[in-house]
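Peer 1: So here's run-v8.cif (mmCIF, C-alpha atoms, pLDDT in the B column; chains and numbers go by the auth columns).
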```
data_protein
#
loop_
_atom_site.group_PDB
_atom_site.id
_atom_site.type_symbol
_atom_site.label_atom_id
_atom_site.label_comp_id
_atom_site.label_asym_id
_atom_site.label_seq_id
_atom_site.Cartn_x
_atom_site.Cartn_y
_atom_site.Cartn_z
_atom_site.B_iso_or_equiv
_atom_site.auth_seq_id
_atom_site.auth_asym_id
ATOM 1 C CA MET A 1 -14.659 23.274 -2.863 54.00 1 A
ATOM 2 C CA ASP A 2 -12.348 20.582 -4.171 62.00 2 A
ATOM 3 C CA TYR A 3 -12.192 17.284 -2.325 62.00 3 A
ATOM 4 C CA LYS A 4 -8.767 15.779 -1.803 66.00 4 A
ATOM 5 C CA CYS A 5 -8.193 12.427 -0.160 68.00 5 A
ATOM 6 C CA PRO A 6 -6.399 13.086 3.146 62.00 6 A
ATOM 7 C CA GLY A 7 -4.265 10.032 2.433 61.00 7 A
ATOM 8 C CA GLN A 8 -2.639 11.778 -0.520 62.00 8 A
ATOM 9 C CA ASP A 9 -0.563 13.797 1.931 62.00 9 A
ATOM 10 C CA LYS A 10 2.990 12.517 1.380 64.00 10 A
ATOM 11 C CA ARG A 11 3.559 12.567 5.157 67.00 11 A
ATOM 12 C CA ASN A 12 1.384 9.408 5.444 68.00 12 A
ATOM 13 C CA ILE A 13 3.522 7.254 3.134 77.00 13 A
ATOM 14 C CA LYS A 14 5.247 4.249 4.735 82.00 14 A
ATOM 15 C CA VAL A 15 8.350 2.322 3.690 87.00 15 A
ATOM 16 C CA GLU A 16 8.528 -1.440 3.200 88.00 16 A
ATOM 17 C CA ILE A 17 11.757 -3.379 2.658 93.00 17 A
ATOM 18 C CA LEU A 18 11.614 -6.121 0.012 93.00 18 A
ATOM 19 C CA THR A 19 14.374 -8.466 -1.093 94.00 19 A
ATOM 20 C CA CYS A 20 15.524 -8.542 -4.702 94.00 20 A
ATOM 21 C CA SER A 21 14.916 -12.038 -6.044 92.00 21 A
ATOM 22 C CA ASP A 22 17.906 -11.720 -8.393 93.00 22 A
ATOM 23 C CA CYS A 23 20.704 -10.674 -6.020 95.00 23 A
ATOM 24 C CA GLY A 24 19.269 -10.584 -2.479 95.00 24 A
ATOM 25 C CA GLU A 25 19.746 -6.833 -2.011 96.00 25 A
ATOM 26 C CA LYS A 26 17.271 -5.062 0.287 96.00 26 A
ATOM 27 C CA VAL A 27 15.092 -2.611 -1.676 96.00 27 A
ATOM 28 C CA GLU A 28 12.933 0.191 -0.246 94.00 28 A
ATOM 29 C CA LEU A 29 9.425 0.360 -1.635 90.00 29 A
ATOM 30 C CA PHE A 30 7.056 3.100 -0.548 86.00 30 A
ATOM 31 C CA SER A 31 3.404 2.346 0.208 79.00 31 A
ATOM 32 C CA ASP A 32 2.253 4.208 -2.904 77.00 32 A
ATOM 33 C CA GLU A 33 4.570 2.245 -5.243 84.00 33 A
ATOM 34 C CA ILE A 34 4.085 -1.184 -6.802 82.00 34 A
ATOM 35 C CA LYS A 35 7.621 -1.727 -8.132 88.00 35 A
ATOM 36 C CA ALA A 36 11.189 -0.446 -7.889 92.00 36 A
ATOM 37 C CA HIS A 37 14.551 -1.222 -9.454 94.00 37 A
ATOM 38 C CA CYS A 38 17.225 -2.870 -7.338 95.00 38 A
ATOM 39 C CA PRO A 39 20.099 -0.445 -6.717 95.00 39 A
ATOM 40 C CA ARG A 40 22.672 -3.242 -7.048 96.00 40 A
ATOM 41 C CA CYS A 41 21.623 -5.329 -10.079 96.00 41 A
ATOM 42 C CA LYS A 42 18.903 -3.059 -11.553 95.00 42 A
ATOM 43 C CA GLY A 43 16.431 -5.973 -11.453 94.00 43 A
ATOM 44 C CA LEU A 44 12.752 -5.229 -11.025 93.00 44 A
ATOM 45 C CA VAL A 45 11.351 -5.739 -7.522 93.00 45 A
ATOM 46 C CA CYS A 46 7.543 -5.905 -7.357 88.00 46 A
ATOM 47 C CA ARG A 47 4.955 -6.341 -4.662 81.00 47 A
ATOM 48 C CA SER A 48 3.098 -9.635 -4.642 76.00 48 A
ATOM 49 C CA ARG A 49 -0.138 -7.663 -4.995 66.00 49 A
ATOM 50 C CA LEU A 50 -1.149 -4.058 -5.492 61.00 50 A
ATOM 51 C CA PRO A 51 -1.209 -1.851 -2.414 61.00 51 A
ATOM 52 C CA SER A 52 -4.514 -0.496 -1.225 72.00 52 A
ATOM 53 C CA CYS A 53 -4.748 2.825 0.550 76.00 53 A
ATOM 54 C CA VAL A 54 -7.207 1.150 2.913 78.00 54 A
ATOM 55 C CA GLU A 55 -4.309 -0.906 4.289 75.00 55 A
ATOM 56 C CA TRP A 56 -1.864 1.916 5.016 76.00 56 A
ATOM 57 C CA CYS A 57 -3.702 5.239 5.017 80.00 57 A
ATOM 58 C CA LYS A 58 -4.647 6.683 8.410 80.00 58 A
ATOM 59 C CA ALA A 59 -7.533 8.562 6.756 84.00 59 A
ATOM 60 C CA ALA A 60 -9.049 5.490 5.034 83.00 60 A
ATOM 61 C CA ARG A 61 -11.666 4.915 7.723 84.00 61 A
ATOM 62 C CA GLN A 62 -12.839 8.529 7.404 85.00 62 A
ATOM 63 C CA CYS A 63 -12.579 8.487 3.603 86.00 63 A
ATOM 64 C CA ILE A 64 -14.573 5.328 2.786 85.00 64 A
ATOM 65 C CA GLY A 65 -16.754 5.130 5.885 86.00 65 A
ATOM 66 C CA GLU A 66 -16.726 2.922 8.953 86.00 66 A
ATOM 67 C CA GLU A 67 -18.808 0.040 7.550 86.00 67 A
ATOM 68 C CA LYS A 68 -16.797 -0.348 4.333 83.00 68 A
ATOM 69 C CA TRP A 69 -13.506 0.048 6.237 80.00 69 A
ATOM 70 C CA LYS A 70 -14.456 -2.790 8.616 82.00 70 A
ATOM 71 C CA GLU A 71 -15.498 -4.989 5.687 79.00 71 A
ATOM 72 C CA LEU A 72 -12.200 -4.451 3.867 77.00 72 A
ATOM 73 C CA ASN A 73 -10.094 -4.917 6.989 72.00 73 A
ATOM 74 C CA ASN A 74 -11.772 -8.145 8.133 69.00 74 A
ATOM 75 C CA LYS A 75 -8.745 -10.417 8.568 52.00 75 A
ATOM 76 C CA GLU A 76 -10.891 -13.466 9.386 43.00 76 A
ATOM 77 C CA ASN A 77 -12.874 -13.202 6.152 45.00 77 A
ATOM 78 C CA PRO A 78 -10.619 -11.493 3.570 47.00 78 A
ATOM 79 C CA LEU A 79 -12.020 -10.326 0.269 45.00 79 A
ATOM 80 C CA PRO A 80 -11.301 -12.624 -2.672 46.00 80 A
ATOM 81 C CA LYS A 81 -8.324 -11.615 -4.807 45.00 81 A
ATOM 82 C CA ARG A 82 -9.028 -10.356 -8.284 40.00 82 A
ATOM 83 C CA SER A 83 -7.777 -12.474 -11.176 38.00 83 A
#
```
As structure tokens - that is how I would like this structure written.
Peer 2:
Amino acid sequence: MDYKCPGQDKRNIKVEILTCSDCGEKVELFSDEIKAHCPRCKGLVCRSRLPSCVEWCKAARQCIGEEKWKELNNKENPLPKRS
């Protein structure tokens, strides 16, 4: 039996609105994307950091386990950012 992450179901994707730094246009960026082109000026709009499925996926807790999920979602003691 093949294992497939339940978070890969496209119905779990969320939308975030970012602002183009070149022209101020609002740009939709989906939770599985790291960049998009502005529809007005065609400039590149990027997230400040890469998205993690642990942050947005409803199945993350089930997928990675309760202990790891709590560790990664600890807002008081966030994991160090990678360089």
Peer 1: Apply the PyMOL selection byres ((chain A and resi 47) around 12) to the file shown and report the selected residues as a PyMOL selection string.
Peer 2: chain A and resi 16-21+27-37+44-46+48-52
Peer 1: Limited to C-alpha atoms, could you put the picked residues into a file as an mmCIF file, keeping the file's coordinate frame?
Peer 2:
```
data_model
loop_
_atom_site.group_PDB
_atom_site.id
_atom_site.type_symbol
_atom_site.label_atom_id
_atom_site.label_comp_id
_atom_site.auth_asym_id
_atom_site.auth_seq_id
_atom_site.Cartn_x
_atom_site.Cartn_y
_atom_site.Cartn_z
ATOM 1 C CA GLU A 16 8.528 -1.440 3.200
ATOM 2 C CA ILE A 17 11.757 -3.379 2.658
ATOM 3 C CA LEU A 18 11.614 -6.121 0.012
ATOM 4 C CA THR A 19 14.374 -8.466 -1.093
ATOM 5 C CA CYS A 20 15.524 -8.542 -4.702
ATOM 6 C CA SER A 21 14.916 -12.038 -6.044
ATOM 7 C CA VAL A 27 15.092 -2.611 -1.676
ATOM 8 C CA GLU A 28 12.933 0.191 -0.246
ATOM 9 C CA LEU A 29 9.425 0.360 -1.635
ATOM 10 C CA PHE A 30 7.056 3.100 -0.548
ATOM 11 C CA SER A 31 3.404 2.346 0.208
ATOM 12 C CA ASP A 32 2.253 4.208 -2.904
ATOM 13 C CA GLU A 33 4.570 2.245 -5.243
ATOM 14 C CA ILE A 34 4.085 -1.184 -6.802
ATOM 15 C CA LYS A 35 7.621 -1.727 -8.132
ATOM 16 C CA ALA A 36 11.189 -0.446 -7.889
ATOM 17 C CA HIS A 37 14.551 -1.222 -9.454
ATOM 18 C CA LEU A 44 12.752 -5.229 -11.025
ATOM 19 C CA VAL A 45 11.351 -5.739 -7.522
ATOM 20 C CA CYS A 46 7.543 -5.905 -7.357
ATOM 21 C CA SER A 48 3.098 -9.635 -4.642
ATOM 22 C CA ARG A 49 -0.138 -7.663 -4.995
ATOM 23 C CA LEU A 50 -1.149 -4.058 -5.492
ATOM 24 C CA PRO A 51 -1.209 -1.851 -2.414
ATOM 25 C CA SER A 52 -4.514 -0.496 -1.225
#
```
Peer 1: Do a neighbour search on Cys23 (chain A) at 10 Å with all atoms listed in the file, toss out local chain neighbours closer than 6 positions, and write the hits as a ChimeraX atom specification.
Peer 2: /A:38,40-43
Peer 1: Output C-alpha atoms for every residue in that selection, as a tab-separated table (two decimals), in the frame of the given file.
Peer 2:
```tsv
chain	number	residue	atom	x	y	z
A	38	CYS	CA	17.23	-2.87	-7.34
A	40	ARG	CA	22.67	-3.24	-7.05
A	41	CYS	CA	21.62	-5.33	-10.08
A	42	LYS	CA	18.90	-3.06	-11.55
A	43	GLY	CA	16.43	-5.97	-11.45
```
Peer 1: What's the separation between CA of Glu55 (chain A) and CA of Asn73 (chain A), in Å to one decimal place?
Peer 2: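 It comes out at 7.5 Å.
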Peer 1: Would you compute the distance between CA of Ala60 (chain A) and CA of Val15 (chain A)? Give it in Å to one decimal.
Peer 2: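 Result for CA of Ala60 (chain A) versus CA of Val15 (chain A): 17.7 Å, one decimal.
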Peer 1: May I ask for the distance between CA of Ile13 (chain A) and CA of Ala59 (chain A), given in Å to one decimal place?
Peer 2: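 Between CA of Ile13 (chain A) and CA of Ala59 (chain A) the gap works out to 11.7 Å.
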